[in-house]
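Source file: protein.pdb (PDB, N, CA and C atoms and all ligand atoms)
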ATOM      1  N   MET R 981       0.837  -1.189   0.000
ATOM      2  CA  MET R 981       0.000   0.000   0.000
ATOM      3  C   MET R 981       0.873   1.240   0.000
ATOM      4  N   THR R 982       0.382   2.266  -0.658
ATOM      5  CA  THR R 982       1.134   3.513  -0.768
ATOM      6  C   THR R 982       0.764   4.459   0.369
ATOM      7  N   ARG R 983       1.761   5.159   0.882
ATOM      8  CA  ARG R 983       1.520   6.173   1.909
ATOM      9  C   ARG R 983       2.287   7.436   1.514
ATOM     10  N   ALA R 984       1.623   8.583   1.656
ATOM     11  CA  ALA R 984       2.259   9.855   1.299
ATOM     12  C   ALA R 984       3.240  10.300   2.379
ATOM     13  N   LEU R 985       4.255  11.015   1.942
ATOM     14  CA  LEU R 985       5.250  11.587   2.853
ATOM     15  C   LEU R 985       5.449  13.052   2.502
ATOM     16  N   ILE R 986       5.699  13.878   3.496
ATOM     17  CA  ILE R 986       6.067  15.276   3.253
ATOM     18  C   ILE R 986       7.549  15.422   3.586
ATOM     19  N   ASN R 987       8.311  15.906   2.639
ATOM     20  CA  ASN R 987       9.736  16.155   2.878
ATOM     21  C   ASN R 987       9.868  17.475   3.636
ATOM     22  N   PRO R 988      10.272  17.448   4.896
ATOM     23  CA  PRO R 988      10.316  18.691   5.675
ATOM     24  C   PRO R 988      11.344  19.693   5.150
ATOM     25  N   GLU R 989      12.323  19.224   4.401
ATOM     26  CA  GLU R 989      13.307  20.162   3.843
ATOM     27  C   GLU R 989      12.725  20.952   2.686
ATOM     28  N   ARG R 990      11.702  20.429   2.031
ATOM     29  CA  ARG R 990      11.078  21.149   0.921
ATOM     30  C   ARG R 990       9.828  21.893   1.356
ATOM     31  N   CYS R 991       9.221  21.475   2.451
ATOM     32  CA  CYS R 991       7.961  22.072   2.897
ATOM     33  C   CYS R 991       8.175  23.550   3.253
ATOM     34  N   LEU R 992       7.262  24.390   2.768
ATOM     35  CA  LEU R 992       7.352  25.839   2.948
ATOM     36  C   LEU R 992       6.551  26.322   4.147
ATOM     37  N   ALA R 993       5.908  25.384   4.864
ATOM     38  CA  ALA R 993       5.046  25.736   5.999
ATOM     39  C   ALA R 993       4.038  26.819   5.597
ATOM     40  N   CYS R 994       3.372  26.589   4.477
ATOM     41  CA  CYS R 994       2.401  27.554   3.936
ATOM     42  C   CYS R 994       1.317  27.863   4.974
ATOM     43  N   GLU R 995       0.829  29.082   4.930
ATOM     44  CA  GLU R 995      -0.216  29.454   5.874
ATOM     45  C   GLU R 995      -1.441  28.549   5.687
ATOM     46  N   VAL R 996      -1.812  28.315   4.427
ATOM     47  CA  VAL R 996      -2.856  27.340   4.115
ATOM     48  C   VAL R 996      -2.181  26.192   3.376
ATOM     49  N   CYS R 997      -2.174  25.040   3.987
ATOM     50  CA  CYS R 997      -1.537  23.861   3.382
ATOM     51  C   CYS R 997      -2.526  23.210   2.418
ATOM     52  N   GLU R 998      -2.196  23.217   1.123
ATOM     53  CA  GLU R 998      -3.093  22.627   0.121
ATOM     54  C   GLU R 998      -3.196  21.119   0.291
ATOM     55  N   VAL R 999      -2.147  20.515   0.799
ATOM     56  CA  VAL R 999      -2.164  19.069   1.050
ATOM     57  C   VAL R 999      -3.224  18.749   2.104
ATOM     58  N   GLU R1000      -3.223  19.536   3.145
ATOM     59  CA  GLU R1000      -4.217  19.356   4.204
ATOM     60  C   GLU R1000      -5.622  19.617   3.661
ATOM     61  N   ARG R1001      -5.743  20.640   2.816
ATOM     62  CA  ARG R1001      -7.058  21.039   2.306
ATOM     63  C   ARG R1001      -7.680  19.948   1.427
ATOM     64  N   VAL R1002      -6.864  19.274   0.609
ATOM     65  CA  VAL R1002      -7.447  18.287  -0.316
ATOM     66  C   VAL R1002      -7.589  16.895   0.295
ATOM     67  N   CYS R1003      -6.963  16.657   1.418
ATOM     68  CA  CYS R1003      -6.979  15.295   1.977
ATOM     69  C   CYS R1003      -8.340  14.983   2.604
ATOM     70  N   ALA R1004      -9.055  14.056   1.986
ATOM     71  CA  ALA R1004     -10.386  13.684   2.471
ATOM     72  C   ALA R1004     -10.321  12.777   3.694
ATOM     73  N   PHE R1005      -9.122  12.296   4.004
ATOM     74  CA  PHE R1005      -8.991  11.320   5.098
ATOM     75  C   PHE R1005      -8.432  11.950   6.374
ATOM     76  N   HIS R1006      -8.267  13.263   6.357
ATOM     77  CA  HIS R1006      -7.737  13.984   7.524
ATOM     78  C   HIS R1006      -6.426  13.372   8.010
ATOM     79  N   ALA R1007      -5.580  13.038   7.057
ATOM     80  CA  ALA R1007      -4.319  12.375   7.387
ATOM     81  C   ALA R1007      -3.176  13.365   7.609
ATOM     82  N   VAL R1008      -3.440  14.650   7.347
ATOM     83  CA  VAL R1008      -2.382  15.650   7.485
ATOM     84  C   VAL R1008      -2.452  16.252   8.885
ATOM     85  N   ILE R1009      -1.392  16.103   9.626
ATOM     86  CA  ILE R1009      -1.359  16.547  11.017
ATOM     87  C   ILE R1009      -0.504  17.803  11.116
ATOM     88  N   ARG R1010      -1.067  18.807  11.772
ATOM     89  CA  ARG R1010      -0.350  20.063  11.962
ATOM     90  C   ARG R1010      -0.794  20.616  13.308
ATOM     91  N   GLU R1011       0.095  20.571  14.260
ATOM     92  CA  GLU R1011      -0.318  20.934  15.608
ATOM     93  C   GLU R1011      -0.482  22.443  15.787
ATOM     94  N   ALA R1012       0.270  23.225  15.019
ATOM     95  CA  ALA R1012       0.111  24.680  15.048
ATOM     96  C   ALA R1012       0.250  25.196  13.621
ATOM     97  N   ARG R1013      -0.339  26.336  13.333
ATOM     98  CA  ARG R1013      -0.355  26.882  11.980
ATOM     99  C   ARG R1013       1.052  27.160  11.442
ATOM    100  N   ILE R1014       1.994  27.377  12.325
ATOM    101  CA  ILE R1014       3.358  27.666  11.847
ATOM    102  C   ILE R1014       4.201  26.390  11.711
ATOM    103  N   ASP R1015       3.657  25.258  12.158
ATOM    104  CA  ASP R1015       4.398  24.000  12.062
ATOM    105  C   ASP R1015       4.371  23.461  10.636
ATOM    106  N   LYS R1016       5.391  22.683  10.311
ATOM    107  CA  LYS R1016       5.339  21.924   9.066
ATOM    108  C   LYS R1016       4.474  20.686   9.312
ATOM    109  N   PRO R1017       3.577  20.381   8.367
ATOM    110  CA  PRO R1017       2.678  19.243   8.567
ATOM    111  C   PRO R1017       3.385  17.910   8.332
ATOM    112  N   TRP R1018       2.775  16.836   8.827
ATOM    113  CA  TRP R1018       3.250  15.483   8.562
ATOM    114  C   TRP R1018       2.048  14.587   8.312
ATOM    115  N   ILE R1019       2.290  13.422   7.779
ATOM    116  CA  ILE R1019       1.204  12.513   7.380
ATOM    117  C   ILE R1019       1.070  11.367   8.388
ATOM    118  N   ASP R1020      -0.143  11.160   8.843
ATOM    119  CA  ASP R1020      -0.449  10.021   9.706
ATOM    120  C   ASP R1020      -0.704   8.802   8.808
ATOM    121  N   PHE R1021       0.211   7.854   8.828
ATOM    122  CA  PHE R1021       0.096   6.682   7.951
ATOM    123  C   PHE R1021      -1.148   5.853   8.248
ATOM    124  N   LEU R1022      -1.640   5.904   9.466
ATOM    125  CA  LEU R1022      -2.822   5.103   9.791
ATOM    126  C   LEU R1022      -4.086   5.675   9.159
ATOM    127  N   ARG R1023      -4.038   6.939   8.771
ATOM    128  CA  ARG R1023      -5.191   7.555   8.108
ATOM    129  C   ARG R1023      -5.008   7.655   6.600
ATOM    130  N   CYS R1024      -3.785   7.777   6.152
ATOM    131  CA  CYS R1024      -3.516   7.995   4.726
ATOM    132  C   CYS R1024      -3.940   6.780   3.907
ATOM    133  N   SER R1025      -4.732   7.042   2.846
ATOM    134  CA  SER R1025      -5.205   5.958   1.973
ATOM    135  C   SER R1025      -4.246   5.703   0.826
ATOM    136  N   GLY R1026      -3.296   6.612   0.636
ATOM    137  CA  GLY R1026      -2.364   6.461  -0.483
ATOM    138  C   GLY R1026      -2.918   6.936  -1.809
ATOM    139  N   CYS R1027      -3.961   7.745  -1.788
ATOM    140  CA  CYS R1027      -4.596   8.181  -3.040
ATOM    141  C   CYS R1027      -3.710   9.140  -3.841
ATOM    142  N   LEU R1028      -2.802   9.822  -3.172
ATOM    143  CA  LEU R1028      -1.847  10.773  -3.760
ATOM    144  C   LEU R1028      -2.510  11.966  -4.449
ATOM    145  N   LYS R1029      -3.750  12.283  -4.079
ATOM    146  CA  LYS R1029      -4.376  13.504  -4.602
ATOM    147  C   LYS R1029      -3.636  14.741  -4.102
ATOM    148  N   CYS R1030      -2.902  14.575  -3.024
ATOM    149  CA  CYS R1030      -2.165  15.693  -2.437
ATOM    150  C   CYS R1030      -0.882  16.026  -3.202
ATOM    151  N   LYS R1031      -0.381  15.097  -3.968
ATOM    152  CA  LYS R1031       0.951  15.271  -4.570
ATOM    153  C   LYS R1031       1.016  16.477  -5.529
ATOM    154  N   PRO R1032       0.069  16.617  -6.476
ATOM    155  CA  PRO R1032       0.197  17.741  -7.417
ATOM    156  C   PRO R1032      -0.136  19.105  -6.834
ATOM    157  N   VAL R1033      -0.777  19.167  -5.680
ATOM    158  CA  VAL R1033      -1.233  20.464  -5.168
ATOM    159  C   VAL R1033      -0.247  21.105  -4.197
ATOM    160  N   CYS R1034       0.765  20.380  -3.777
ATOM    161  CA  CYS R1034       1.700  20.918  -2.786
ATOM    162  C   CYS R1034       2.511  22.068  -3.377
ATOM    163  N   ARG R1035       2.496  23.197  -2.711
ATOM    164  CA  ARG R1035       3.166  24.391  -3.239
ATOM    165  C   ARG R1035       4.679  24.259  -3.249
ATOM    166  N   GLY R1036       5.201  23.460  -2.343
ATOM    167  CA  GLY R1036       6.652  23.301  -2.274
ATOM    168  C   GLY R1036       7.154  22.060  -2.984
ATOM    169  N   GLN R1037       6.246  21.359  -3.678
ATOM    170  CA  GLN R1037       6.590  20.080  -4.315
ATOM    171  C   GLN R1037       7.321  19.175  -3.313
ATOM    172  N   ALA R1038       6.745  19.133  -2.122
ATOM    173  CA  ALA R1038       7.379  18.414  -1.012
ATOM    174  C   ALA R1038       6.850  16.987  -0.849
ATOM    175  N   MET R1039       5.897  16.596  -1.729
ATOM    176  CA  MET R1039       5.279  15.290  -1.521
ATOM    177  C   MET R1039       6.046  14.169  -2.201
ATOM    178  N   SER R1040       6.230  13.106  -1.460
ATOM    179  CA  SER R1040       6.714  11.861  -2.042
ATOM    180  C   SER R1040       5.884  10.747  -1.408
ATOM    181  N   TYR R1041       6.291   9.519  -1.617
ATOM    182  CA  TYR R1041       5.503   8.431  -1.034
ATOM    183  C   TYR R1041       6.380   7.217  -0.811
ATOM    184  N   VAL R1042       5.883   6.343   0.007
ATOM    185  CA  VAL R1042       6.533   5.052   0.212
ATOM    186  C   VAL R1042       5.495   3.970  -0.073
ATOM    187  N   VAL R1043       5.978   2.819  -0.444
ATOM    188  CA  VAL R1043       5.087   1.684  -0.668
ATOM    189  C   VAL R1043       5.283   0.715   0.489
ATOM    190  N   GLN R1044       4.204   0.469   1.210
ATOM    191  CA  GLN R1044       4.255  -0.410   2.368
ATOM    192  C   GLN R1044       4.266  -1.861   1.903
ATOM    193  N   PRO R1045       5.215  -2.644   2.367
ATOM    194  CA  PRO R1045       5.234  -4.059   1.976
ATOM    195  C   PRO R1045       3.973  -4.777   2.454
ATOM    196  N   CYS R1046       3.461  -5.665   1.634
ATOM    197  CA  CYS R1046       2.266  -6.434   1.993
ATOM    198  C   CYS R1046       2.667  -7.692   2.742
ATOM    199  N   THR R1047       2.082  -7.890   3.915
ATOM    200  CA  THR R1047       2.416  -9.073   4.700
ATOM    201  C   THR R1047       1.431 -10.200   4.446
ATOM    202  N   GLY R1048       0.327  -9.909   3.788
ATOM    203  CA  GLY R1048      -0.687 -10.924   3.562
ATOM    204  C   GLY R1048      -1.652 -11.048   4.733
ATOM    205  N   GLY R1049      -1.341 -10.407   5.835
ATOM    206  CA  GLY R1049      -2.216 -10.469   7.001
ATOM    207  C   GLY R1049      -2.915  -9.148   7.197
ATOM    208  N   ARG R1050      -3.508  -8.956   8.346
ATOM    209  CA  ARG R1050      -4.254  -7.736   8.607
ATOM    210  C   ARG R1050      -3.412  -6.719   9.344
ATOM    211  N   ARG R1051      -2.234  -7.127   9.799
ATOM    212  CA  ARG R1051      -1.406  -6.203  10.547
ATOM    213  C   ARG R1051      -0.481  -5.436   9.613
ATOM    214  N   MET R1052      -0.169  -4.197  10.006
ATOM    215  CA  MET R1052       0.770  -3.424   9.215
ATOM    216  C   MET R1052       2.172  -3.986   9.443
ATOM    217  N   SER R1053       2.980  -3.889   8.400
ATOM    218  CA  SER R1053       4.301  -4.509   8.483
ATOM    219  C   SER R1053       5.356  -3.541   8.995
ATOM    220  N   TRP R1054       4.961  -2.351   9.412
ATOM    221  CA  TRP R1054       5.900  -1.455  10.089
ATOM    222  C   TRP R1054       5.202  -0.759  11.226
TER     223      TRP R1054
HETATM  224  S1  LIG R1101       1.326  22.817   0.684
HETATM  225 FE1  LIG R1101       3.220  21.569   0.691
HETATM  226  S2  LIG R1101       4.823  23.077   1.091
HETATM  227 FE2  LIG R1101       2.907  24.022   1.750
HETATM  228  S3  LIG R1101       2.680  23.513   3.953
HETATM  229 FE3  LIG R1101       1.596  21.941   2.766
HETATM  230  S4  LIG R1101       3.107  20.278   2.531
HETATM  231 FE4  LIG R1101       4.253  22.141   3.074
HETATM  232  S1  LIG R1102      -2.263  10.332  -0.244
HETATM  233 FE1  LIG R1102      -4.474  10.825  -0.110
HETATM  234  S2  LIG R1102      -5.062  10.158   1.971
HETATM  235 FE2  LIG R1102      -2.801  10.310   1.945
HETATM  236  S3  LIG R1102      -2.317  12.384   2.667
HETATM  237 FE3  LIG R1102      -2.437  12.488   0.423
HETATM  238  S4  LIG R1102      -4.582  13.086  -0.020
HETATM  239 FE4  LIG R1102      -4.488  12.347   2.135
END
The structure in this file should be written as structure tokens.
Ligand code: SF4
Ligand code: SF4
Amino acid sequence: MTRALINPERCLACEVCEVERVCAFHAVIREARIDKPWIDFLRCSGCLKCKPVCRGQAMSYVVQPCTGGRRMSW
């Protein structure tokens, strides 16, 4: 399964995070408006709708290995 990642070195800490705005799964966590956001893997569906909208082109992703079971492998 795919999970989105935000590269903190590229993230611009935008006042309005477009990644957060488009994420229907509320997977983007930002504790304060000035913080750089991060992705909660337990909420992220891997849809990658956030990738083209990021102003800093900070989005990448990882592919989670499939274990064949119901538990996450990391
Ligand atoms: S839109 Fe991209 S660059 Fe801007 S705060 Fe969100 S993740 Fe960071
Ligand atoms: S990949 Fe989809 S679910 Fe995950 S953070 Fe981006 S928009 Fe949200």
* Asked: So what do you get for atom CA of R:Arg1001 versus atom N of R:Pro1045, distance-wise?
  -> 26.7 Å
* Env. residues ligand LIG 1101 (chain R) / 12 Å / only C-alpha atoms and all ligand atoms / as a PyMOL selection string -> chain R and resi 984-1003+1007-1010+1012-1019+1030-1040
* Asked: Among chain R, which ones does DSSP place in helix (DSSP H, G or I), written as a ChimeraX atom specification?
  -> /R:998-1002,1031-1033
* To do: Within chain R, find each residue whose DSSP state, derived from the backbone, is strand (DSSP E or B), and express the selection as a VMD selection string.
  => chain R and resid 982 to 986 1008 to 1009 1018 to 1019 1039 to 1043
* To do: Decode the PyMOL selection byres (((chain R and resi 1022 and name CA) around 12) and not hetatm and name CA) for the given file into explicit residues and return them as a PyMOL selection string.
  => chain R and resi 981-984+1005-1009+1019-1021+1023-1026+1044+1051-1052+1054
Edge lengths and centre, in Å to one decimal, as lines of an AutoDock Vina configuration file: that's what I need for the box along x, y and z that holds all listed atoms of ligand LIG 1102 (chain R) plus 3 Å on each side.
center_x = -3.7
center_y = 11.6
center_z = 1.2
size_x = 8.8
size_y = 8.9
size_z = 8.9
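When atom CA of R:Ala1004 is paired with atom C of R:Leu1028, their separation reads 10.6 Å.
Between atom S4 of ligand LIG 1102 (chain R) and atom N of R:Glu1011 the separation is 16.8 Å.
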